[in-house]
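Student: After the structure tokens below, expect a handful of questions from me.
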Amino acid sequence: MSWSVIVQSLPTFEKALWVTIWMSAVGIALAALVGLIVSLAEYFRVPVLRQVLTVYAEVARNTPLLLQLFFLYYAFPVLGWKMSATACGIVGLTFLGGAYMADGFTGGFEGVSKTQIESGKALGMSDWQLARYVVFPQGLALSVPAFAANVIFLIKETSIFSVVAIPELTNTALDLIGLYYRSNEYLLVLVLAYAVILIPVILFLDWLERRVRHGAFGN
Amino acid sequence: MATELMRVDHLDKYYGDWQALHNINFSIHEGEVIALVGPSGSGKSTLIRTLNGLEPYQKGTITFEGKKVTPDKVSWQKLRQEIGMVFQSYDLFPNLTVMGNILLGPTKVQKRDEGEVKAEAQKLLERFELADQADAYPRQLSGGQKQRIAIIRALVMHPKLMLFDEVTASLDPEMVRGVLNIMQELAKKDHMTMIIVTHELTFAAKVADQVLFLEDGRLRETTSAKQFFTNPQTDRAKEFLASMDY
């Protein structure tokens with residue numbers, strides 16, 4: 001183990017760290033948006049759209065991100081739709097994450113107790129009012145743990161981006177190992193770099209979970 | 001004779017193949033209090049829940065203020081503004097304060113002026129000795145307080161009929177009195193029209209004008225409260241009263 005090798009690689013890893021961070025952030029934000037749309041279509045039982053999105057969610061959840069990226073990067077250009085590697089990464093993460101996020105939100109909405117819904121109905125609420133004032137505030141709070149698990153899962157999934165040569169952390173480590181054969185050093189830095197991202201994220205999500213639960217349910 | 005507020009004719013309800021309610025007939029007049037009593041599993045809750053559309057029914061009619069209820073979602077949504085309901089599980093919305101809970105229906109559903117409703121809510125809170133709790137969250141309250149607030153939340157909608165579904169059944173014994181007192185006050189002072197599902201027979205005898213005795217989904221007895229509690233007509237009712245140590 002050579003410290004100088006580690007130190008020399010740090011600027012390269014730092015660049016890669018930012019790539020992983022911003023692509024995760026954008027991909028997760030878009031995935032949450034897609035997930036919300038899918039779960040709303042499910043909640044309001046929007047005809048046709050709901051069925052289409054169910055098919056999407058099944059495909060996205062039951063195929064590996066690796067294959068999804070290959071499709072986006074190698075197969076889509078054949079069909080005349082070419083995207084940059086970065087765009088493929090974001091689209092892929094959104095595609096995969098959207099389905100998982102949708103599951104989390106739907107689970108939250110379904111977790112709102114029947115007696116709460118009946119209390120709302122008994123006040124004469126319409127379907128929309130029931131959703132707006134009863135189901136969504138409580139359901140979103142209930143879905144925070146699933147959301148948190150998905151965020152962490154999706155950050156880790158960005159390591160797959162290396163297959164389409166996006167210069168994120170894993171790709172950078174593999175490149176460096178290929179060039180200099182210093183596996184131990186570069187893998188150590190790689191692990192630490194993910195820890196640098198994930199530990200604050202986990203702490204933040206923990207705090208968020210407690211806060212939201214307290215705000216919505218008082219425990 | 002006061003005007004008839006709600007009338008139920010030949011109502012049947014099924015869960016799949018199983019018939020939960022058999023040919024239910026009764027009517028309630030303005031200012032009248034009906035106690036709906038009977039053994040567990042007799043269909044009391046099912047019946048009271050059909051009266052504001054929370055349970056669908058397969059046959060028969062419900063008439064409210066002389067108009068036959070069309071049993072679809074939108075007409076029930078409208079009617080529920082006139083028919084308040086309080087449940088056994090005092091389900092206040094946990095993410096809202098007491099005042100937030102009370103204001104939600106009148107301001108969002110009925111689109112009434114918030115200031116006006118707030119003033120009215122404050123008066124009701126004071127009347128039921130909950131004035132200090134307006135800004136508290138449900139988690140900070142006892143079961144009895146929550147249930148009294150659930151009653152206020154329904155009252156502030158200005159319902160013409162109030163349904164109470166075993167509202168004291170899951171309260172600690174020392175909380176029961178306060179909730180029953182409110183209901184009694186509503187009956188005697190406000191002349192609120194109420195249908196009450198309850199196991200508190202002493203209370204029922206005090207406030208009810210009419211008793212519906214339900215067993216196996218059938219109305220076995222529909223009589224004045226006085227008659228029911230002093231001289232029940234059916235053996236079933238006699239057994240029931242005896243089993244409840246009344």
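Chain lettering (A, B, ...) mirrors the order of the structure tokens, residue numbering begins at 1 for each chain separately, and ligand numbering begins at 1 in order of display.
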Do a neighbour search on stretch 127-135 of chain B at 8 Å with only C-alpha atoms, toss out local chain neighbours closer than 4 positions, and write the hits as a PyMOL selection string.

Tutor: chain B and resi 97-99+122-123+145+148+182

Student: Up to 6 Å from chain A, what residues of chain B turn up? Count only C-alpha atoms and give them as a VMD selection string.

Tutor: chain B and resid 77 80 to 81 85 91 94 to 95 105 109 139

Student: Near stretch 149-166 of chain A, within 9 Å and counting only C-alpha atoms, which residues show up once chain neighbours fewer than 4 positions away are dropped, as a PDB file with N, CA, C and O atoms, in the first residue's frame?

Tutor:
ATOM      1  N   VAL A  19     -18.905  14.023 -10.285  1.00  0.00           N
ATOM      2  CA  VAL A  19     -19.733  13.429 -11.352  1.00  0.00           C
ATOM      3  C   VAL A  19     -20.780  12.509 -10.723  1.00  0.00           C
ATOM      4  O   VAL A  19     -21.978  12.584 -11.032  1.00  0.00           O
ATOM      5  N   THR A  20     -20.330  11.648  -9.815  1.00  0.00           N
ATOM      6  CA  THR A  20     -21.274  10.745  -9.139  1.00  0.00           C
ATOM      7  C   THR A  20     -22.335  11.540  -8.387  1.00  0.00           C
ATOM      8  O   THR A  20     -23.533  11.230  -8.463  1.00  0.00           O
ATOM      9  N   ILE A  21     -21.908  12.599  -7.693  1.00  0.00           N
ATOM     10  CA  ILE A  21     -22.865  13.376  -6.897  1.00  0.00           C
ATOM     11  C   ILE A  21     -23.907  14.053  -7.781  1.00  0.00           C
ATOM     12  O   ILE A  21     -25.122  13.915  -7.551  1.00  0.00           O
ATOM     13  N   MET A  23     -24.772  13.505 -10.907  1.00  0.00           N
ATOM     14  CA  MET A  23     -25.633  12.589 -11.680  1.00  0.00           C
ATOM     15  C   MET A  23     -26.625  11.872 -10.766  1.00  0.00           C
ATOM     16  O   MET A  23     -27.787  11.657 -11.142  1.00  0.00           O
ATOM     17  N   SER A  24     -26.190  11.513  -9.574  1.00  0.00           N
ATOM     18  CA  SER A  24     -27.119  10.913  -8.602  1.00  0.00           C
ATOM     19  C   SER A  24     -28.239  11.891  -8.277  1.00  0.00           C
ATOM     20  O   SER A  24     -29.421  11.531  -8.293  1.00  0.00           O
ATOM     21  N   ALA A  25     -27.845  13.138  -7.990  1.00  0.00           N
ATOM     22  CA  ALA A  25     -28.831  14.138  -7.573  1.00  0.00           C
ATOM     23  C   ALA A  25     -29.883  14.340  -8.652  1.00  0.00           C
ATOM     24  O   ALA A  25     -31.093  14.277  -8.384  1.00  0.00           O
ATOM     25  N   GLY A  27     -30.545  12.395 -11.296  1.00  0.00           N
ATOM     26  CA  GLY A  27     -31.269  11.148 -11.565  1.00  0.00           C
ATOM     27  C   GLY A  27     -32.300  10.839 -10.498  1.00  0.00           C
ATOM     28  O   GLY A  27     -33.434  10.460 -10.801  1.00  0.00           O
ATOM     29  N   ILE A  28     -31.931  11.044  -9.232  1.00  0.00           N
ATOM     30  CA  ILE A  28     -32.855  10.746  -8.134  1.00  0.00           C
ATOM     31  C   ILE A  28     -34.029  11.727  -8.132  1.00  0.00           C
ATOM     32  O   ILE A  28     -35.183  11.341  -7.932  1.00  0.00           O
ATOM     33  N   LEU A  65     -30.132  -2.586 -14.455  1.00  0.00           N
ATOM     34  CA  LEU A  65     -29.737  -1.274 -14.963  1.00  0.00           C
ATOM     35  C   LEU A  65     -28.672  -1.422 -16.055  1.00  0.00           C
ATOM     36  O   LEU A  65     -28.666  -0.677 -17.031  1.00  0.00           O
ATOM     37  N   LEU A  66     -27.816  -2.417 -15.878  1.00  0.00           N
ATOM     38  CA  LEU A  66     -26.770  -2.668 -16.869  1.00  0.00           C
ATOM     39  C   LEU A  66     -27.373  -2.829 -18.263  1.00  0.00           C
ATOM     40  O   LEU A  66     -26.952  -2.184 -19.234  1.00  0.00           O
ATOM     41  N   LEU A  69     -28.947   0.366 -19.619  1.00  0.00           N
ATOM     42  CA  LEU A  69     -27.943   1.299 -20.162  1.00  0.00           C
ATOM     43  C   LEU A  69     -27.434   0.824 -21.526  1.00  0.00           C
ATOM     44  O   LEU A  69     -27.259   1.635 -22.442  1.00  0.00           O
ATOM     45  N   PHE A  70     -27.204  -0.477 -21.678  1.00  0.00           N
ATOM     46  CA  PHE A  70     -26.789  -1.009 -22.985  1.00  0.00           C
ATOM     47  C   PHE A  70     -27.808  -0.655 -24.055  1.00  0.00           C
ATOM     48  O   PHE A  70     -27.479  -0.256 -25.160  1.00  0.00           O
ATOM     49  N   TYR A  73     -27.632   3.060 -24.797  1.00  0.00           N
ATOM     50  CA  TYR A  73     -26.367   3.514 -25.375  1.00  0.00           C
ATOM     51  C   TYR A  73     -26.069   2.860 -26.718  1.00  0.00           C
ATOM     52  O   TYR A  73     -25.572   3.511 -27.634  1.00  0.00           O
ATOM     53  N   ALA A  85     -23.331   9.687 -23.387  1.00  0.00           N
ATOM     54  CA  ALA A  85     -23.231   8.735 -22.278  1.00  0.00           C
ATOM     55  C   ALA A  85     -23.871   9.309 -21.019  1.00  0.00           C
ATOM     56  O   ALA A  85     -24.605   8.625 -20.302  1.00  0.00           O
ATOM     57  N   THR A  86     -23.606  10.583 -20.744  1.00  0.00           N
ATOM     58  CA  THR A  86     -24.169  11.230 -19.556  1.00  0.00           C
ATOM     59  C   THR A  86     -25.694  11.202 -19.590  1.00  0.00           C
ATOM     60  O   THR A  86     -26.346  10.858 -18.599  1.00  0.00           O
ATOM     61  N   CYS A  88     -27.537   9.138 -21.229  1.00  0.00           N
ATOM     62  CA  CYS A  88     -27.956   7.740 -21.020  1.00  0.00           C
ATOM     63  C   CYS A  88     -27.973   7.403 -19.531  1.00  0.00           C
ATOM     64  O   CYS A  88     -28.905   6.744 -19.047  1.00  0.00           O
ATOM     65  N   GLY A  89     -26.950   7.847 -18.812  1.00  0.00           N
ATOM     66  CA  GLY A  89     -26.868   7.570 -17.379  1.00  0.00           C
ATOM     67  C   GLY A  89     -28.048   8.150 -16.638  1.00  0.00           C
ATOM     68  O   GLY A  89     -28.711   7.469 -15.849  1.00  0.00           O
ATOM     69  N   LEU A  93     -30.998   5.981 -14.898  1.00  0.00           N
ATOM     70  CA  LEU A  93     -31.244   6.052 -13.458  1.00  0.00           C
ATOM     71  C   LEU A  93     -32.686   6.478 -13.179  1.00  0.00           C
ATOM     72  O   LEU A  93     -33.347   5.963 -12.268  1.00  0.00           O
ATOM     73  N   LEU A  96     -35.031   3.436 -14.072  1.00  0.00           N
ATOM     74  CA  LEU A  96     -35.003   2.418 -13.017  1.00  0.00           C
ATOM     75  C   LEU A  96     -35.604   2.957 -11.717  1.00  0.00           C
ATOM     76  O   LEU A  96     -36.496   2.357 -11.117  1.00  0.00           O
ATOM     77  N   GLY A  97     -35.113   4.136 -11.307  1.00  0.00           N
ATOM     78  CA  GLY A  97     -35.515   4.691 -10.015  1.00  0.00           C
ATOM     79  C   GLY A  97     -36.983   5.064  -9.970  1.00  0.00           C
ATOM     80  O   GLY A  97     -37.625   4.912  -8.931  1.00  0.00           O
ATOM     81  N   TYR A 100     -39.070   2.208  -8.743  1.00  0.00           N
ATOM     82  CA  TYR A 100     -38.913   1.937  -7.309  1.00  0.00           C
ATOM     83  C   TYR A 100     -39.555   3.032  -6.462  1.00  0.00           C
ATOM     84  O   TYR A 100     -40.185   2.772  -5.438  1.00  0.00           O
ATOM     85  N   MET A 101     -39.369   4.268  -6.885  1.00  0.00           N
ATOM     86  CA  MET A 101     -39.975   5.392  -6.152  1.00  0.00           C
ATOM     87  C   MET A 101     -41.501   5.260  -6.167  1.00  0.00           C
ATOM     88  O   MET A 101     -42.170   5.512  -5.165  1.00  0.00           O
ATOM     89  N   GLY A 104     -42.664   2.938  -3.602  1.00  0.00           N
ATOM     90  CA  GLY A 104     -42.570   3.533  -2.270  1.00  0.00           C
ATOM     91  C   GLY A 104     -43.729   4.466  -1.982  1.00  0.00           C
ATOM     92  O   GLY A 104     -44.356   4.385  -0.922  1.00  0.00           O
ATOM     93  N   VAL A 144     -41.508   7.947   3.451  1.00  0.00           N
ATOM     94  CA  VAL A 144     -40.132   8.439   3.607  1.00  0.00           C
ATOM     95  C   VAL A 144     -39.102   7.307   3.800  1.00  0.00           C
ATOM     96  O   VAL A 144     -38.049   7.341   3.170  1.00  0.00           O
ATOM     97  N   PRO A 145     -39.370   6.298   4.624  1.00  0.00           N
ATOM     98  CA  PRO A 145     -38.371   5.224   4.746  1.00  0.00           C
ATOM     99  C   PRO A 145     -38.067   4.535   3.411  1.00  0.00           C
ATOM    100  O   PRO A 145     -36.907   4.273   3.100  1.00  0.00           O
ATOM    101  N   THR A 170     -16.605   4.696  -9.883  1.00  0.00           N
ATOM    102  CA  THR A 170     -16.198   3.318 -10.172  1.00  0.00           C
ATOM    103  C   THR A 170     -15.406   3.236 -11.470  1.00  0.00           C
ATOM    104  O   THR A 170     -14.356   2.579 -11.554  1.00  0.00           O
ATOM    105  N   ASN A 171     -15.906   3.929 -12.488  1.00  0.00           N
ATOM    106  CA  ASN A 171     -15.222   3.941 -13.771  1.00  0.00           C
ATOM    107  C   ASN A 171     -13.800   4.481 -13.619  1.00  0.00           C
ATOM    108  O   ASN A 171     -12.841   3.927 -14.161  1.00  0.00           O
ATOM    109  N   THR A 172     -13.677   5.559 -12.847  1.00  0.00           N
ATOM    110  CA  THR A 172     -12.364   6.164 -12.621  1.00  0.00           C
ATOM    111  C   THR A 172     -11.419   5.186 -11.924  1.00  0.00           C
ATOM    112  O   THR A 172     -10.268   5.015 -12.337  1.00  0.00           O
ATOM    113  N   LEU A 174     -11.595   1.907 -11.905  1.00  0.00           N
ATOM    114  CA  LEU A 174     -11.246   0.806 -12.809  1.00  0.00           C
ATOM    115  C   LEU A 174     -10.218   1.255 -13.854  1.00  0.00           C
ATOM    116  O   LEU A 174      -9.285   0.514 -14.185  1.00  0.00           O
ATOM    117  N   TYR A 194     -17.222   6.606  -1.800  1.00  0.00           N
ATOM    118  CA  TYR A 194     -18.659   6.317  -1.645  1.00  0.00           C
ATOM    119  C   TYR A 194     -19.114   6.612  -0.216  1.00  0.00           C
ATOM    120  O   TYR A 194     -20.210   7.131   0.003  1.00  0.00           O
ATOM    121  N   ILE A 197     -19.882  10.198   0.297  1.00  0.00           N
ATOM    122  CA  ILE A 197     -21.208  10.597  -0.195  1.00  0.00           C
ATOM    123  C   ILE A 197     -22.303  10.005   0.692  1.00  0.00           C
ATOM    124  O   ILE A 197     -23.221  10.703   1.132  1.00  0.00           O
ATOM    125  N   LEU A 198     -22.210   8.717   0.962  1.00  0.00           N
ATOM    126  CA  LEU A 198     -23.354   8.009   1.553  1.00  0.00           C
ATOM    127  C   LEU A 198     -23.574   8.303   3.036  1.00  0.00           C
ATOM    128  O   LEU A 198     -24.719   8.379   3.479  1.00  0.00           O
ATOM    129  N   VAL A 201     -25.514  11.427   3.503  1.00  0.00           N
ATOM    130  CA  VAL A 201     -26.859  11.209   2.963  1.00  0.00           C
ATOM    131  C   VAL A 201     -27.695  10.371   3.929  1.00  0.00           C
ATOM    132  O   VAL A 201     -28.852  10.689   4.210  1.00  0.00           O
ATOM    133  N   ILE A 202     -27.091   9.322   4.457  1.00  0.00           N
ATOM    134  CA  ILE A 202     -27.815   8.453   5.396  1.00  0.00           C
ATOM    135  C   ILE A 202     -28.205   9.232   6.653  1.00  0.00           C
ATOM    136  O   ILE A 202     -29.345   9.146   7.118  1.00  0.00           O
ATOM    137  N   LEU A 205     -31.066  11.522   5.759  1.00  0.00           N
ATOM    138  CA  LEU A 205     -32.335  10.811   5.553  1.00  0.00           C
ATOM    139  C   LEU A 205     -32.923  10.324   6.877  1.00  0.00           C
ATOM    140  O   LEU A 205     -34.138  10.357   7.071  1.00  0.00           O
TER     141      LEU A 205
END

Student: When distances are computed from only C-alpha atoms, which of A:Gly98, A:Gly111, A:Pro11, A:Pro77 shows the smallest separation from A:Tyr56?

Tutor: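 Once distances to A:Tyr56 are computed over only C-alpha atoms, the minimum belongs to A:Gly98.
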
Student: Rank nothing, just name the residue among B:Arg153, B:Lys108, B:His199, B:Lys238 nearest to A:Leu130, using only C-alpha atoms.

Tutor: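 The shortest atom-to-atom distance to A:Leu130 comes from B:Lys108.
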
Student: With DSSP run on the backbone, what are the helix (DSSP H, G or I) residues within stretch 37-109 of chain A? I'd like them as a VMD selection string.

Tutor: chain A and resid 37 to 43 49 to 61 65 to 78 85 to 109

Student: Residues near stretch 175-184 of chain A, anyone? I mean within 12 Å using only C-alpha atoms, not counting same-chain ones fewer than 3 positions away, as a list in words.

Tutor: Met1, Ser2, Trp3, Ser4, Val5, Ile6, Gln8, Ser9, Leu10, Thr12, Phe13, Ala16, Ser162, Val163, Ala165, Ile166, Pro167, Glu168, Leu169, Thr170, Asn171, Thr172, Leu187, Leu188, Val189, Leu190 and Val191 of chain A

Student: For those residues, write N, CA, C and O atoms to a file as a compact mmCIF listing (two decimals), in the first residue's frame.

Tutor:
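Saved to again.txt:
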# COMPACT_ATOMS: atom_id res chain seq x y z
N MET A 1 0.86 -1.21 0.00
CA MET A 1 0.00 0.00 0.00
C MET A 1 0.88 1.24 0.00
O MET A 1 1.70 1.42 0.89
N SER A 2 0.72 2.03 -1.01
CA SER A 2 1.57 3.23 -1.11
C SER A 2 0.73 4.48 -0.94
O SER A 2 -0.24 4.71 -1.68
N TRP A 3 1.06 5.30 0.06
CA TRP A 3 0.31 6.52 0.32
C TRP A 3 0.46 7.51 -0.80
O TRP A 3 -0.48 8.24 -1.13
N SER A 4 1.64 7.53 -1.42
CA SER A 4 1.84 8.53 -2.48
C SER A 4 0.93 8.24 -3.67
O SER A 4 0.40 9.15 -4.31
N VAL A 5 0.71 6.94 -3.96
CA VAL A 5 -0.21 6.60 -5.05
C VAL A 5 -1.60 7.13 -4.73
O VAL A 5 -2.28 7.73 -5.56
N ILE A 6 -1.99 6.94 -3.48
CA ILE A 6 -3.32 7.40 -3.06
C ILE A 6 -3.42 8.92 -3.20
O ILE A 6 -4.36 9.44 -3.80
N GLN A 8 -1.66 10.97 -4.95
CA GLN A 8 -1.62 11.43 -6.35
C GLN A 8 -2.96 11.24 -7.07
O GLN A 8 -3.30 11.99 -7.98
N SER A 9 -3.72 10.21 -6.65
CA SER A 9 -4.97 9.92 -7.36
C SER A 9 -6.12 10.80 -6.89
O SER A 9 -7.18 10.86 -7.52
N LEU A 10 -5.92 11.50 -5.76
CA LEU A 10 -7.06 12.21 -5.16
C LEU A 10 -7.72 13.25 -6.07
O LEU A 10 -8.94 13.31 -6.15
N THR A 12 -8.01 13.27 -9.27
CA THR A 12 -8.81 12.55 -10.26
C THR A 12 -10.10 12.03 -9.62
O THR A 12 -11.19 12.14 -10.18
N PHE A 13 -9.95 11.46 -8.42
CA PHE A 13 -11.13 10.94 -7.71
C PHE A 13 -12.09 12.06 -7.32
O PHE A 13 -13.30 11.87 -7.29
N ALA A 16 -14.25 12.76 -10.16
CA ALA A 16 -15.20 11.65 -10.32
C ALA A 16 -16.29 11.71 -9.25
O ALA A 16 -17.47 11.42 -9.51
N SER A 162 -20.24 3.01 -15.27
CA SER A 162 -18.92 2.79 -15.83
C SER A 162 -18.98 2.03 -17.16
O SER A 162 -18.13 2.21 -18.01
N VAL A 163 -20.04 1.22 -17.34
CA VAL A 163 -20.11 0.43 -18.58
C VAL A 163 -20.32 1.30 -19.82
O VAL A 163 -20.07 0.86 -20.94
N ALA A 165 -18.86 4.26 -19.93
CA ALA A 165 -17.71 5.15 -19.87
C ALA A 165 -18.00 6.55 -19.36
O ALA A 165 -17.47 7.54 -19.84
N ILE A 166 -18.90 6.63 -18.38
CA ILE A 166 -19.10 7.92 -17.71
C ILE A 166 -18.03 8.02 -16.63
O ILE A 166 -17.87 7.08 -15.84
N PRO A 167 -17.29 9.12 -16.54
CA PRO A 167 -16.17 9.17 -15.61
C PRO A 167 -16.59 9.41 -14.17
O PRO A 167 -16.16 10.36 -13.53
N GLU A 168 -17.46 8.52 -13.66
CA GLU A 168 -17.83 8.61 -12.24
C GLU A 168 -16.84 7.80 -11.42
O GLU A 168 -15.83 7.34 -11.94
N LEU A 169 -17.14 7.58 -10.16
CA LEU A 169 -16.16 6.99 -9.24
C LEU A 169 -15.68 5.61 -9.65
O LEU A 169 -14.48 5.35 -9.75
N THR A 170 -16.60 4.70 -9.88
CA THR A 170 -16.20 3.32 -10.17
C THR A 170 -15.41 3.24 -11.47
O THR A 170 -14.36 2.58 -11.55
N ASN A 171 -15.91 3.93 -12.49
CA ASN A 171 -15.22 3.94 -13.77
C ASN A 171 -13.80 4.48 -13.62
O ASN A 171 -12.84 3.93 -14.16
N THR A 172 -13.68 5.56 -12.85
CA THR A 172 -12.36 6.16 -12.62
C THR A 172 -11.42 5.19 -11.92
O THR A 172 -10.27 5.01 -12.34
N LEU A 187 -8.92 0.91 -4.95
CA LEU A 187 -10.18 0.38 -4.40
C LEU A 187 -10.47 0.98 -3.02
O LEU A 187 -11.62 1.26 -2.68
N LEU A 188 -9.40 1.18 -2.25
CA LEU A 188 -9.59 1.81 -0.94
C LEU A 188 -10.16 3.22 -1.10
O LEU A 188 -11.13 3.60 -0.43
N VAL A 189 -9.55 3.98 -2.01
CA VAL A 189 -10.05 5.34 -2.23
C VAL A 189 -11.50 5.30 -2.72
O VAL A 189 -12.35 6.10 -2.30
N LEU A 190 -11.78 4.33 -3.58
CA LEU A 190 -13.14 4.21 -4.12
C LEU A 190 -14.16 3.98 -2.99
O LEU A 190 -15.20 4.66 -2.91
N VAL A 191 -13.82 3.05 -2.09
CA VAL A 191 -14.73 2.77 -0.97
C VAL A 191 -14.92 4.02 -0.13
O VAL A 191 -16.05 4.39 0.23

Student: Please return as a list of chain:residue names: the residues of stretch 71-137 of chain B that backbone DSSP assigns to strand (DSSP E or B).

Tutor: B:Ile83, B:Gly84, B:Met85, B:Val86

Student: Could you name the residues that touch B:Met175 at 12 Å or less, counting only C-alpha atoms, but leaving out those on the same chain fewer than 2 positions away, as a ChimeraX atom specification?

Tutor: /B:141-148,167-173,177-182

Student: Those same residues, written as an mmCIF file, in the first residue's frame with N, CA and C atoms?

Tutor:
data_model
loop_
_atom_site.group_PDB
_atom_site.id
_atom_site.type_symbol
_atom_site.label_atom_id
_atom_site.label_comp_id
_atom_site.auth_asym_id
_atom_site.auth_seq_id
_atom_site.Cartn_x
_atom_site.Cartn_y
_atom_site.Cartn_z
ATOM 1 N N LEU B 141 -53.259 14.833 23.254
ATOM 2 C CA LEU B 141 -54.551 14.791 23.934
ATOM 3 C C LEU B 141 -54.904 13.392 24.408
ATOM 4 N N SER B 142 -55.783 13.323 25.387
ATOM 5 C CA SER B 142 -56.292 12.029 25.851
ATOM 6 C C SER B 142 -57.375 11.550 24.880
ATOM 7 N N GLY B 143 -57.696 10.268 24.993
ATOM 8 C CA GLY B 143 -58.738 9.712 24.131
ATOM 9 C C GLY B 143 -60.058 10.452 24.268
ATOM 10 N N GLY B 144 -60.406 10.787 25.488
ATOM 11 C CA GLY B 144 -61.665 11.481 25.720
ATOM 12 C C GLY B 144 -61.689 12.856 25.076
ATOM 13 N N GLN B 145 -60.556 13.553 25.193
ATOM 14 C CA GLN B 145 -60.475 14.878 24.558
ATOM 15 C C GLN B 145 -60.585 14.747 23.052
ATOM 16 N N LYS B 146 -59.871 13.760 22.506
ATOM 17 C CA LYS B 146 -59.911 13.562 21.053
ATOM 18 C C LYS B 146 -61.326 13.285 20.583
ATOM 19 N N GLN B 147 -62.031 12.468 21.345
ATOM 20 C CA GLN B 147 -63.374 12.115 20.914
ATOM 21 C C GLN B 147 -64.304 13.322 20.997
ATOM 22 N N ARG B 148 -64.110 14.163 22.019
ATOM 23 C CA ARG B 148 -64.955 15.362 22.106
ATOM 24 C C ARG B 148 -64.648 16.307 20.952
ATOM 25 N N VAL B 167 -69.073 5.472 20.108
ATOM 26 C CA VAL B 167 -68.031 6.472 20.321
ATOM 27 C C VAL B 167 -67.317 6.356 21.660
ATOM 28 N N THR B 168 -67.884 5.610 22.594
ATOM 29 C CA THR B 168 -67.186 5.485 23.883
ATOM 30 C C THR B 168 -66.545 4.112 24.058
ATOM 31 N N ALA B 169 -66.674 3.248 23.049
ATOM 32 C CA ALA B 169 -66.269 1.849 23.225
ATOM 33 C C ALA B 169 -64.771 1.675 23.432
ATOM 34 N N SER B 170 -63.959 2.563 22.868
ATOM 35 C CA SER B 170 -62.522 2.345 23.071
ATOM 36 C C SER B 170 -61.898 3.394 24.000
ATOM 37 N N LEU B 171 -62.746 4.011 24.816
ATOM 38 C CA LEU B 171 -62.222 5.002 25.769
ATOM 39 C C LEU B 171 -61.984 4.368 27.132
ATOM 40 N N ASP B 172 -61.026 4.932 27.856
ATOM 41 C CA ASP B 172 -60.856 4.519 29.249
ATOM 42 C C ASP B 172 -62.129 4.879 30.008
ATOM 43 N N PRO B 173 -62.489 4.047 30.989
ATOM 44 C CA PRO B 173 -63.756 4.269 31.705
ATOM 45 C C PRO B 173 -63.938 5.704 32.206
ATOM 46 N N ARG B 177 -67.629 9.282 30.647
ATOM 47 C CA ARG B 177 -68.630 10.212 31.178
ATOM 48 C C ARG B 177 -68.663 11.530 30.394
ATOM 49 N N GLY B 178 -67.465 12.114 30.205
ATOM 50 C CA GLY B 178 -67.393 13.412 29.537
ATOM 51 C C GLY B 178 -67.999 13.379 28.146
ATOM 52 N N VAL B 179 -67.713 12.320 27.417
ATOM 53 C CA VAL B 179 -68.233 12.212 26.058
ATOM 54 C C VAL B 179 -69.745 12.012 26.073
ATOM 55 N N LEU B 180 -70.214 11.151 26.973
ATOM 56 C CA LEU B 180 -71.658 10.925 27.057
ATOM 57 C C LEU B 180 -72.396 12.194 27.465
ATOM 58 N N ASN B 181 -71.771 12.968 28.371
ATOM 59 C CA ASN B 181 -72.417 14.219 28.797
ATOM 60 C C ASN B 181 -72.638 15.158 27.622
ATOM 61 N N ILE B 182 -71.631 15.244 26.759
ATOM 62 C CA ILE B 182 -71.782 16.100 25.583
ATOM 63 C C ILE B 182 -72.946 15.636 24.730
#
